[in-house]
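Structure data follow from start-v8.txt (compact mmCIF, C-alpha atoms and all ligand atoms):
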```txt
# COMPACT_ATOMS: atom_id res chain seq x y z
CA MET A 200 17.23 9.41 -1.91
CA THR A 201 19.48 7.46 0.39
CA GLU A 202 20.95 4.01 -0.02
CA ARG A 203 18.51 2.83 2.64
CA THR A 204 15.51 3.58 0.46
CA THR A 205 16.95 2.41 -2.88
CA TRP A 206 15.18 -0.96 -2.82
CA PHE A 207 11.88 0.73 -2.07
CA VAL A 208 11.85 3.03 -5.10
CA GLN A 209 13.17 0.20 -7.22
CA ASP A 210 10.39 -2.22 -6.18
CA ARG A 211 7.41 0.15 -6.47
CA PHE A 212 4.62 -2.33 -5.81
CA GLY A 213 3.68 -3.99 -2.52
CA LEU A 214 0.89 -5.96 -0.89
CA PHE A 215 -0.93 -4.64 2.18
CA ILE A 216 -2.72 -7.22 4.32
CA HIS A 217 -5.35 -6.38 6.92
CA TRP A 218 -6.07 -9.47 8.93
CA GLY A 219 -7.24 -9.95 12.47
CA VAL A 220 -10.22 -11.14 14.51
CA TYR A 221 -12.36 -8.56 12.69
CA ALA A 222 -12.30 -10.99 9.76
CA VAL A 223 -14.77 -13.08 11.81
CA ALA A 224 -17.24 -10.18 12.03
CA ALA A 225 -16.61 -9.71 8.29
CA ARG A 226 -17.87 -6.15 8.18
CA HIS A 227 -14.80 -3.91 8.03
CA GLU A 228 -11.83 -3.69 10.38
CA TRP A 229 -13.50 -0.76 12.14
CA VAL A 230 -16.50 -2.86 13.21
CA GLN A 231 -15.73 -2.39 16.92
CA SER A 232 -15.81 1.39 16.59
CA ARG A 233 -18.64 1.59 14.08
CA GLU A 234 -20.87 -0.57 16.25
CA LYS A 235 -19.54 0.92 19.49
CA ARG A 236 -18.69 -2.48 20.96
CA SER A 237 -17.02 -2.83 24.32
CA THR A 238 -13.88 -4.94 24.49
CA ASP A 239 -15.90 -7.74 26.09
CA GLU A 240 -18.48 -7.75 23.33
CA TYR A 241 -15.89 -7.53 20.59
CA GLY A 242 -13.42 -9.89 22.28
CA ARG A 243 -15.77 -12.82 21.77
CA TYR A 244 -14.59 -13.02 18.17
CA MET A 245 -11.31 -14.35 19.51
CA ALA A 246 -12.95 -17.65 20.36
CA HIS A 247 -14.04 -18.01 16.73
CA PHE A 248 -10.85 -17.01 14.99
CA ASP A 249 -9.85 -20.34 13.51
CA PRO A 250 -8.13 -19.80 10.15
CA ASP A 251 -7.73 -23.45 9.24
CA LEU A 252 -7.05 -22.67 5.56
CA TYR A 253 -4.26 -20.20 6.33
CA ASP A 254 -1.39 -20.88 3.94
CA PRO A 255 1.00 -17.92 3.97
CA ALA A 256 3.19 -19.61 1.34
CA ALA A 257 0.20 -19.46 -1.03
CA TRP A 258 -0.34 -15.77 -0.17
CA ALA A 259 3.32 -15.07 -0.88
CA ARG A 260 3.13 -16.86 -4.23
CA GLU A 261 0.02 -14.90 -5.20
CA ALA A 262 1.67 -11.61 -4.24
CA LYS A 263 4.80 -12.43 -6.15
CA ALA A 264 2.88 -13.55 -9.22
CA ALA A 265 1.06 -10.20 -9.15
CA GLY A 266 4.43 -8.49 -9.44
CA MET A 267 4.56 -7.31 -5.85
CA ARG A 268 7.98 -7.13 -4.27
CA TYR A 269 7.19 -6.42 -0.63
CA ALA A 270 4.32 -6.85 1.79
CA VAL A 271 3.08 -5.14 4.94
CA ILE A 272 0.75 -6.95 7.36
CA THR A 273 -1.27 -5.76 10.34
CA ALA A 274 0.54 -6.98 13.45
CA LYS A 275 -1.99 -5.06 15.56
CA HIS A 276 -4.92 -2.99 14.33
CA HIS A 277 -6.96 -0.38 16.24
CA ASP A 278 -8.80 -3.14 18.12
CA GLY A 279 -5.54 -3.80 19.97
CA PHE A 280 -5.46 -7.51 19.12
CA ALA A 281 -1.94 -8.88 18.58
CA MET A 282 -1.37 -11.28 15.69
CA TRP A 283 1.87 -12.49 17.24
CA ASP A 284 2.82 -14.24 20.46
CA THR A 285 3.44 -11.10 22.48
CA SER A 286 4.53 -11.38 26.10
CA THR A 287 2.82 -8.06 26.88
CA SER A 288 -0.81 -9.20 26.73
CA ASP A 289 -3.27 -12.10 26.60
CA TYR A 290 -5.16 -10.40 23.82
CA LYS A 291 -3.30 -12.27 21.14
CA VAL A 292 -3.51 -14.87 18.46
CA THR A 293 -2.02 -17.69 20.49
CA ASN A 294 -5.14 -17.52 22.66
CA THR A 295 -7.47 -18.18 19.75
CA PRO A 296 -8.21 -21.58 18.22
CA ALA A 297 -5.31 -20.80 15.84
CA GLY A 298 -3.10 -21.33 18.88
CA ARG A 299 0.16 -20.21 17.28
CA ASP A 300 2.14 -17.20 16.12
CA LEU A 301 0.63 -16.57 12.69
CA LEU A 302 2.85 -13.56 12.14
CA ARG A 303 5.98 -15.65 12.36
CA GLU A 304 4.66 -18.09 9.75
CA TRP A 305 3.81 -15.13 7.54
CA VAL A 306 7.28 -13.61 7.85
CA ASP A 307 8.96 -16.93 7.04
CA ALA A 308 6.73 -17.61 4.03
CA PHE A 309 7.09 -14.15 2.49
CA ARG A 310 10.84 -14.09 2.99
CA ALA A 311 11.11 -17.54 1.43
CA GLU A 312 9.37 -16.18 -1.67
CA GLY A 313 11.93 -13.38 -1.84
CA LEU A 314 9.58 -10.62 -0.74
CA ARG A 315 10.56 -7.92 1.72
CA ILE A 316 8.41 -7.69 4.82
CA GLY A 317 6.83 -4.93 6.84
CA PHE A 318 4.62 -4.59 9.90
CA TYR A 319 1.64 -2.32 10.30
CA TYR A 320 1.20 -1.36 13.93
CA SER A 321 -1.73 0.67 15.23
CA VAL A 322 -0.81 3.22 17.87
CA ILE A 323 -4.55 3.54 18.42
CA ASP A 324 -5.68 0.82 20.85
CA TRP A 325 -9.32 0.20 21.77
CA HIS A 326 -8.47 -2.58 24.17
CA HIS A 327 -5.81 -1.23 26.49
CA PRO A 328 -7.17 -0.08 29.88
CA HIS A 329 -4.96 3.03 29.93
CA TYR A 330 -5.66 4.23 26.40
CA THR A 331 -7.62 7.48 26.61
CA MET A 332 -10.72 8.66 24.81
CA ASP A 333 -10.89 10.23 21.37
CA ARG A 334 -13.57 10.66 18.73
CA VAL A 335 -12.95 7.32 17.00
CA HIS A 336 -13.02 5.24 20.18
CA PRO A 337 -15.83 2.64 20.41
CA GLN A 338 -16.88 4.07 23.81
CA ARG A 339 -17.05 7.68 22.57
CA ASP A 340 -20.68 8.05 23.73
CA GLU A 341 -19.64 7.66 27.36
CA ASP A 342 -18.65 10.60 29.51
CA TRP A 343 -15.09 11.36 28.40
CA ASP A 344 -13.83 12.62 31.78
CA ALA A 345 -15.22 9.64 33.62
CA PHE A 346 -13.75 7.31 30.99
CA ASN A 347 -10.33 8.92 31.23
CA ASP A 348 -10.32 9.01 35.01
CA GLY A 349 -7.45 6.82 36.20
CA ARG A 350 -6.20 6.20 32.66
CA ASP A 351 -2.57 7.00 32.10
CA MET A 352 -1.11 7.20 28.61
CA THR A 353 2.38 6.76 30.07
CA ILE A 354 1.42 3.22 30.99
CA TYR A 355 -0.08 2.60 27.57
CA ARG A 356 3.08 3.99 25.99
CA GLU A 357 5.29 1.58 27.89
CA TYR A 358 3.12 -1.26 26.66
CA MET A 359 3.17 -0.03 23.08
CA TYR A 360 6.94 0.42 23.12
CA ALA A 361 7.35 -3.09 24.49
CA GLN A 362 5.19 -4.47 21.67
CA VAL A 363 7.04 -2.54 18.99
CA ARG A 364 10.31 -3.70 20.51
CA GLU A 365 9.19 -7.33 20.24
CA LEU A 366 8.22 -6.87 16.61
CA LEU A 367 11.52 -5.24 15.77
CA THR A 368 13.61 -7.71 17.73
CA ASN A 369 12.12 -11.16 17.25
CA TYR A 370 11.48 -11.36 13.51
CA GLY A 371 14.82 -10.55 11.91
CA THR A 372 15.12 -7.69 9.46
CA VAL A 373 11.95 -5.65 9.16
CA ASP A 374 12.00 -3.64 5.94
CA VAL A 375 9.00 -1.39 6.60
CA LEU A 376 7.31 -0.20 9.79
CA TRP A 377 3.90 1.30 9.23
CA PHE A 378 2.40 3.14 12.22
CA ASP A 379 -1.28 4.08 12.09
CA TRP A 380 -2.49 6.84 13.10
CA THR A 381 -3.02 9.98 15.20
CA PRO A 382 -6.66 10.98 15.83
CA PRO A 383 -7.47 14.71 16.22
CA GLU A 384 -7.52 14.59 20.04
CA LYS A 385 -4.09 13.00 20.12
CA SER A 386 -0.65 14.16 19.03
CA ALA A 387 3.02 13.23 18.97
CA ALA A 388 3.05 13.83 22.74
CA ASP A 389 0.73 10.86 23.33
CA TRP A 390 3.07 8.48 21.56
CA ASP A 391 6.23 10.43 22.46
CA SER A 392 6.99 10.13 18.79
CA PRO A 393 10.62 11.33 18.90
CA ALA A 394 11.45 8.63 21.47
CA LEU A 395 9.43 6.00 19.60
CA THR A 396 11.21 6.89 16.37
CA ALA A 397 14.60 6.75 18.06
CA MET A 398 13.83 3.27 19.38
CA VAL A 399 12.73 2.10 15.94
CA ARG A 400 15.88 3.48 14.32
CA GLU A 401 18.06 1.89 16.95
CA LEU A 402 16.49 -1.56 16.62
CA GLN A 403 16.17 -1.56 12.81
CA PRO A 404 18.51 1.04 11.34
CA HIS A 405 17.47 0.23 7.77
CA VAL A 406 13.73 0.19 8.26
CA ILE A 407 11.53 2.50 6.20
CA LEU A 408 9.21 4.31 8.59
CA ASN A 409 5.94 5.96 7.61
CA ASP A 410 4.50 9.26 8.73
CA ARG A 411 1.39 8.71 10.82
CA ILE A 412 2.60 9.45 14.36
CA ASP A 413 2.45 13.23 13.97
CA TYR A 414 6.21 13.53 13.65
CA PRO A 415 7.06 14.12 10.00
CA GLU A 416 10.65 15.05 10.86
CA GLY A 417 11.32 11.46 11.86
CA ALA A 418 9.51 9.75 8.97
CA ASP A 419 10.75 8.47 5.62
CA LEU A 420 7.46 7.91 3.91
CA VAL A 421 4.36 9.93 3.09
CA THR A 422 1.26 7.73 2.83
CA PRO A 423 -1.83 9.14 1.08
CA GLU A 424 -4.67 6.66 1.47
CA GLU A 425 -7.40 5.82 -1.06
CA TYR A 426 -6.34 8.90 -2.95
CA GLN A 427 -4.82 9.40 -6.37
CA ALA A 428 -2.18 12.11 -6.00
CA LYS A 429 -2.31 15.03 -8.41
CA SER A 430 1.46 15.34 -8.50
CA TRP A 431 4.57 14.14 -6.68
CA PRO A 432 4.02 15.16 -3.02
CA THR A 433 6.53 17.63 -1.58
CA ARG A 434 7.60 18.77 1.86
CA ASN A 435 9.35 22.12 2.28
CA GLY A 436 9.54 22.25 -1.50
CA GLU A 437 11.37 18.91 -1.76
CA ARG A 438 9.91 15.82 -3.38
CA VAL A 439 9.37 13.13 -0.75
CA LEU A 440 9.40 9.36 -0.69
CA TRP A 441 5.77 8.35 -0.97
CA GLU A 442 3.48 5.38 -1.19
CA THR A 443 -0.24 5.38 -1.73
CA CYS A 444 -2.23 2.59 -0.09
CA GLN A 445 -5.43 1.46 -1.74
CA THR A 446 -8.16 -1.06 -1.05
CA LEU A 447 -9.69 -3.41 -3.59
CA ASN A 448 -13.26 -2.63 -2.50
CA GLY A 449 -13.19 0.28 -0.04
CA SER A 450 -12.59 -1.90 3.02
CA TRP A 451 -9.21 -2.94 4.40
CA GLY A 452 -10.36 -5.86 6.51
CA TYR A 453 -12.60 -8.62 5.15
CA ASP A 454 -16.04 -7.17 4.42
CA ARG A 455 -18.26 -9.97 3.19
CA ASP A 456 -21.17 -7.98 1.79
CA ASN A 457 -19.11 -5.28 0.14
CA HIS A 458 -18.93 -5.94 -3.59
CA ASN A 459 -17.62 -2.56 -4.63
CA TRP A 460 -14.60 -4.04 -6.39
CA LYS A 461 -12.30 -1.75 -8.32
CA SER A 462 -11.52 -3.18 -11.73
CA PRO A 463 -8.03 -4.61 -12.30
CA GLU A 464 -7.64 -2.14 -15.18
CA LEU A 465 -8.35 0.76 -12.84
CA LEU A 466 -5.77 -0.55 -10.39
CA ILE A 467 -3.15 -1.04 -13.11
CA SER A 468 -3.75 2.54 -14.23
CA LEU A 469 -3.36 3.65 -10.63
CA LEU A 470 -0.05 1.80 -10.34
CA ILE A 471 1.17 3.46 -13.54
CA ASP A 472 -0.06 6.88 -12.49
CA THR A 473 1.63 6.50 -9.10
CA VAL A 474 5.01 5.50 -10.55
CA SER A 475 4.69 8.32 -13.12
CA LYS A 476 4.63 10.65 -10.09
CA GLY A 477 7.55 8.98 -8.35
CA GLY A 478 5.53 6.91 -5.87
CA ASN A 479 4.82 3.32 -4.77
CA LEU A 480 1.52 1.49 -4.61
CA LEU A 481 0.62 -0.65 -1.60
CA LEU A 482 -2.46 -2.61 -2.63
CA ASN A 483 -4.54 -4.24 0.08
CA VAL A 484 -6.23 -7.57 0.55
CA GLY A 485 -8.40 -8.52 3.54
CA PRO A 486 -8.21 -12.30 3.96
CA THR A 487 -11.21 -14.19 5.30
CA ALA A 488 -11.58 -15.62 8.80
CA ARG A 489 -10.53 -19.01 7.42
CA GLY A 490 -7.34 -17.50 6.10
CA GLU A 491 -7.81 -17.12 2.38
CA PHE A 492 -7.84 -14.24 -0.08
CA GLN A 493 -11.31 -13.78 -1.54
CA PRO A 494 -11.85 -15.09 -5.08
CA GLU A 495 -12.33 -11.53 -6.39
CA ALA A 496 -9.02 -10.48 -4.85
CA ARG A 497 -7.26 -13.47 -6.36
CA THR A 498 -8.62 -12.76 -9.81
CA THR A 499 -7.59 -9.12 -9.53
CA LEU A 500 -4.08 -10.05 -8.47
CA GLU A 501 -3.84 -12.53 -11.32
CA THR A 502 -4.95 -9.95 -13.88
CA ILE A 503 -2.46 -7.43 -12.54
CA GLY A 504 0.19 -10.17 -12.64
CA ASN A 505 -0.56 -10.90 -16.29
CA TRP A 506 0.06 -7.28 -17.11
CA MET A 507 3.14 -7.07 -14.90
CA ARG A 508 4.71 -10.15 -16.49
CA GLN A 509 5.07 -8.21 -19.73
CA HIS A 510 5.25 -4.67 -18.43
CA SER A 511 7.15 -4.69 -15.13
CA GLY A 512 10.08 -3.08 -16.95
CA ALA A 513 7.98 0.07 -17.10
CA ILE A 514 7.38 -0.08 -13.32
CA TYR A 515 10.43 -1.46 -11.45
CA GLY A 516 13.23 1.05 -11.18
CA CYS A 517 11.14 3.67 -12.94
CA THR A 518 10.14 7.10 -11.77
CA ALA A 519 8.64 10.37 -13.02
CA SER A 520 9.98 11.69 -16.32
CA ASP A 521 10.86 15.30 -16.99
CA HIS A 522 9.06 14.99 -20.33
CA THR A 523 5.38 15.84 -20.52
CA ALA A 524 3.20 12.93 -21.61
CA PRO A 525 0.51 13.34 -24.29
CA ALA A 526 -3.19 13.44 -23.32
CA ASP A 527 -4.55 10.17 -21.87
CA CYS A 528 -1.02 8.83 -21.41
CA ARG A 529 1.57 8.63 -18.63
CA TYR A 530 5.34 8.48 -18.81
CA THR A 531 7.55 6.47 -16.53
CA GLN A 532 11.30 6.55 -17.05
CA ASN A 533 14.35 4.53 -16.18
CA GLY A 534 17.47 6.21 -17.54
CA SER A 535 17.41 6.11 -21.35
CA LYS A 536 14.18 4.11 -21.44
CA LEU A 537 11.05 6.22 -21.56
CA TYR A 538 7.77 4.29 -21.24
CA LEU A 539 4.60 5.62 -22.80
CA HIS A 540 1.55 4.11 -21.04
CA ILE A 541 -1.50 4.58 -23.23
CA LEU A 542 -4.55 4.69 -20.94
CA ASN A 543 -7.02 5.55 -23.69
CA TRP A 544 -6.30 4.30 -27.19
CA PRO A 545 -6.24 7.04 -29.83
CA LEU A 546 -6.62 6.79 -33.57
CA GLY A 547 -3.59 6.19 -35.75
CA HIS A 548 -0.90 8.42 -34.28
CA ILE A 549 0.50 9.68 -31.03
CA HIS A 550 2.40 12.97 -30.94
CA LEU A 551 5.18 13.22 -28.39
CA ASP A 552 6.11 16.79 -27.48
CA GLY A 553 9.73 17.81 -27.60
CA LEU A 554 11.30 14.42 -28.31
CA ALA A 555 12.44 15.03 -31.91
CA GLY A 556 15.99 13.84 -32.40
CA GLN A 557 15.97 11.95 -29.12
CA VAL A 558 14.27 8.65 -29.90
CA THR A 559 16.35 5.89 -31.46
CA PHE A 560 13.85 3.03 -31.28
CA ALA A 561 10.25 2.38 -30.26
CA ARG A 562 8.55 -0.92 -29.49
CA PHE A 563 5.52 -2.30 -27.71
CA LEU A 564 6.48 -3.84 -24.42
CA HIS A 565 3.96 -6.71 -24.48
CA ASP A 566 5.42 -8.36 -27.63
CA GLY A 567 8.60 -6.43 -28.37
CA SER A 568 7.29 -5.39 -31.78
CA GLU A 569 8.65 -2.28 -33.48
CA VAL A 570 6.51 0.85 -33.55
CA ALA A 571 7.13 3.16 -36.51
CA PHE A 572 7.97 6.76 -35.70
CA LYS A 573 9.40 9.87 -37.29
CA ASP A 574 10.47 13.30 -36.21
CA ALA A 575 7.92 15.91 -37.21
CA ASP A 576 8.65 17.95 -40.33
CA PRO A 577 7.56 21.54 -39.64
CA ASN A 578 8.24 22.47 -43.29
CA LEU A 579 5.77 19.96 -44.61
CA ILE A 580 2.98 21.68 -46.51
CA PRO A 581 -0.19 19.95 -45.33
CA GLN A 582 -2.81 18.82 -47.80
CA ASN A 583 -6.23 20.15 -46.99
CA THR A 584 -7.16 16.81 -45.41
CA ASP A 585 -4.53 16.85 -42.72
CA MET A 586 -2.65 19.05 -40.28
CA PRO A 587 0.78 20.67 -40.15
CA GLU A 588 3.36 18.83 -38.06
CA GLU A 589 4.64 20.60 -34.99
CA ALA A 590 8.34 21.27 -34.71
CA GLY A 591 9.98 19.15 -32.01
CA ASP A 592 7.38 16.37 -32.02
CA VAL A 593 7.97 12.70 -32.52
CA ILE A 594 5.04 11.07 -34.32
CA LEU A 595 4.33 7.43 -33.59
CA THR A 596 2.21 5.38 -35.97
CA ILE A 597 0.09 2.91 -34.04
CA PRO A 598 -2.27 0.15 -35.15
CA THR A 599 -5.97 0.93 -35.38
CA ILE A 600 -6.76 -2.01 -33.15
CA ARG A 601 -5.56 -1.59 -29.61
CA PRO A 602 -3.31 -4.43 -28.44
CA SER A 603 -5.29 -6.66 -26.11
CA VAL A 604 -3.46 -5.95 -22.87
CA ALA A 605 -4.87 -4.02 -19.92
CA VAL A 606 -2.76 -0.95 -20.70
CA PRO A 607 -0.51 -0.92 -23.80
CA VAL A 608 2.98 0.46 -23.24
CA ILE A 609 5.45 1.70 -25.85
CA GLU A 610 9.08 1.68 -24.84
CA LEU A 611 11.08 4.55 -26.31
CA THR A 612 14.83 4.23 -26.35
CA LEU A 613 16.35 7.67 -26.02
CA VAL A 614 19.74 8.72 -27.28
C1 LIG B 701 -6.70 4.04 8.33
C2 LIG B 701 -7.72 3.22 8.96
C3 LIG B 701 -7.45 1.84 8.81
C4 LIG B 701 -6.54 1.31 7.78
C5 LIG B 701 -5.53 2.27 7.32
C6 LIG B 701 -4.78 1.90 6.08
O1 LIG B 701 -6.21 5.07 8.90
O2 LIG B 701 -8.00 3.62 10.26
O3 LIG B 701 -8.43 1.00 9.21
O4 LIG B 701 -5.77 0.38 8.42
O5 LIG B 701 -5.87 3.53 7.36
O6 LIG B 701 -4.09 2.97 5.54
```
Can I see the file as structure tokens?
Ligand code: GLC
Amino acid sequence: MTERTTWFVQDRFGLFIHWGVYAVAARHEWVQSREKRSTDEYGRYMAHFDPDLYDPAAWAREAKAAGMRYAVITAKHHDGFAMWDTSTSDYKVTNTPAGRDLLREWVDAFRAEGLRIGFYYSVIDWHHPHYTMDRVHPQRDEDWDAFNDGRDMTIYREYMYAQVRELLTNYGTVDVLWFDWTPPEKSAADWDSPALTAMVRELQPHVILNDRIDYPEGADLVTPEEYQAKSWPTRNGERVLWETCQTLNGSWGYDRDNHNWKSPELLISLLIDTVSKGGNLLLNVGPTARGEFQPEARTTLETIGNWMRQHSGAIYGCTASDHTAPADCRYTQNGSKLYLHILNWPLGHIHLDGLAGQVTFARFLHDGSEVAFKDADPNLIPQNTDMPEEAGDVILTIPTIRPSVAVPVIELTLV
């Protein structure tokens, strides 16, 4: 880990925001591709993008109250529509009824709340006249050769570089740059990823750059999506910096009729599981066309925030532990503090392998109350109603009734 990435592993929890004219269609940010819309057909949403309730300061407060420490927003998604006042194109937010640079307001509001900021930028572009065909393109049913005739990715590249340059020049320090993504028919050559990476590094030397432009050598961050990692991801045998991004309901952009909400408890468990494997969680909201988080998203963030208020000590600054957690539990660790996250409440006792002689104190995190424990006594002769104690274990005695928090956590102070 380098000094550049210290804040990122410390902070652990961020907000992803997918917002663009697709919020007007309100059926997933891929609506243009799914419904095979031409730019003209899809572009009509621009005229109806009027987020009169947009209040980025409120978004920032909600993110912060949820315990999030950074946020990444879509500056441009695959539809090619720019959410800032770019000089490279007319296909931009200033030409909607919003009439102003919404990205700038977002940056200012999130910084004011003390959150770090990042931009998502799609290298895929379904609007640009020189962007060539691939299997996810809205016009994929057309003849590919005819479509590509006269198209020149060099010209698209110049445009894309100019846009990225604007984003990395006009908005102060950008903490994260999140490129998305390289379809099967394309490769690093289409984006000239080494040159793109060099430009990014030159303009924002401290930025954390993700890994979706087919150039892992230049990336900081591995980004599994909608996927709970089995273990800490590695590259060439080395553990990597990683962040999993997750939706609240299976869609990134606003998707009105999708009610497949993940429970806050599931998401809290996912956050814990991720940190227990050394990773970050970037949790997404898809604001509406009028500029608000959906009520379900707000409730979820609030519930997560309630848990984080008491338990963030087991998340911030924590990472994987070398100790092996008991069944149905996860460990996160920060130096001499080992946190036992109890995902499924057991009866009476929890046995901690190999910690005998190492624990000096145990307490619940939510109320600071002491939890009784002892080192196992392997010489104990068990009565015929109980079991022998295993050498090396620490045995915690826990209440029968599970504390009423989303996930109870016991903090173990190690010698
Ligand atoms: C994807 C999707 C996209 C979403 C993203 C988030 O690759 O194409 O719509 O923005 O992942 O990780």
| field | Which of A:Ala297, A:Ile503, A:Val335, A:Leu314 sits closest to ligand LIG 701 (chain B) [using all atoms listed in the file] | value |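 Using all atoms listed in the file, the shortest distance to ligand LIG 701 (chain B) belongs to A:Val335.
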| request: Do a neighbour search on Lys573 (chain A) at 8 Å with all atoms listed in the file, toss out local chain neighbours closer than 3 positions, and write the hits as an MDAnalysis selection string. | output: chainID A and resid 593:595
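With CA of Ile354 (chain A) on one side and CA of Ser392 (chain A) on the other, the separation reads 15.1 Å.
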| query | How would you write as an NGL selection string the residues that get within 9 Å of (-11.3, 7.4, 21.3) in the file's frame, counting all atoms listed in the file? | reply | :A and (232 or 323-325 or 330-339 or 343 or 382 or 384)
Print the selection's residues with C-alpha atoms to a file, as a PDB file, in the frame of the given file.
```pdb
ATOM      1  CA  SER A 232     -15.810   1.390  16.590  1.00  0.00           C
ATOM      2  CA  ILE A 323      -4.550   3.540  18.420  1.00  0.00           C
ATOM      3  CA  ASP A 324      -5.680   0.820  20.850  1.00  0.00           C
ATOM      4  CA  TRP A 325      -9.320   0.200  21.770  1.00  0.00           C
ATOM      5  CA  TYR A 330      -5.660   4.230  26.400  1.00  0.00           C
ATOM      6  CA  THR A 331      -7.620   7.480  26.610  1.00  0.00           C
ATOM      7  CA  MET A 332     -10.720   8.660  24.810  1.00  0.00           C
ATOM      8  CA  ASP A 333     -10.890  10.230  21.370  1.00  0.00           C
ATOM      9  CA  ARG A 334     -13.570  10.660  18.730  1.00  0.00           C
ATOM     10  CA  VAL A 335     -12.950   7.320  17.000  1.00  0.00           C
ATOM     11  CA  HIS A 336     -13.020   5.240  20.180  1.00  0.00           C
ATOM     12  CA  PRO A 337     -15.830   2.640  20.410  1.00  0.00           C
ATOM     13  CA  GLN A 338     -16.880   4.070  23.810  1.00  0.00           C
ATOM     14  CA  ARG A 339     -17.050   7.680  22.570  1.00  0.00           C
ATOM     15  CA  TRP A 343     -15.090  11.360  28.400  1.00  0.00           C
ATOM     16  CA  PRO A 382      -6.660  10.980  15.830  1.00  0.00           C
ATOM     17  CA  GLU A 384      -7.520  14.590  20.040  1.00  0.00           C
TER      18      GLU A 384
END
```
Cut-off 12 Å: closest region 456-509 of chain A/region 235-259 of chain A atom pairs per residue, using all atoms listed in the file, as CSV:
```
residue,atom,partner,partner_atom,distance
A:Val484,CA,A:Trp258,CA,10.1
A:Gly485,CA,A:Trp258,CA,11.5
A:Pro486,CA,A:Tyr253,CA,9.1
A:Thr487,CA,A:Pro250,CA,8.0
A:Ala488,CA,A:Pro250,CA,5.6
A:Arg489,CA,A:Pro250,CA,3.7
A:Gly490,CA,A:Tyr253,CA,4.1
A:Glu491,CA,A:Tyr253,CA,6.1
A:Phe492,CA,A:Trp258,CA,7.7
A:Gln493,CA,A:Trp258,CA,11.2
A:Ala496,CA,A:Trp258,CA,11.2
A:Arg497,CA,A:Trp258,CA,9.6
A:Leu500,CA,A:Trp258,CA,10.8
```
| remark: Nearest to ligand LIG 701 (chain B), restricted to only C-alpha atoms and all ligand atoms and choosing among A:Trp544, A:Tyr538, A:Trp380, A:Trp506, comes out as A:Trp380
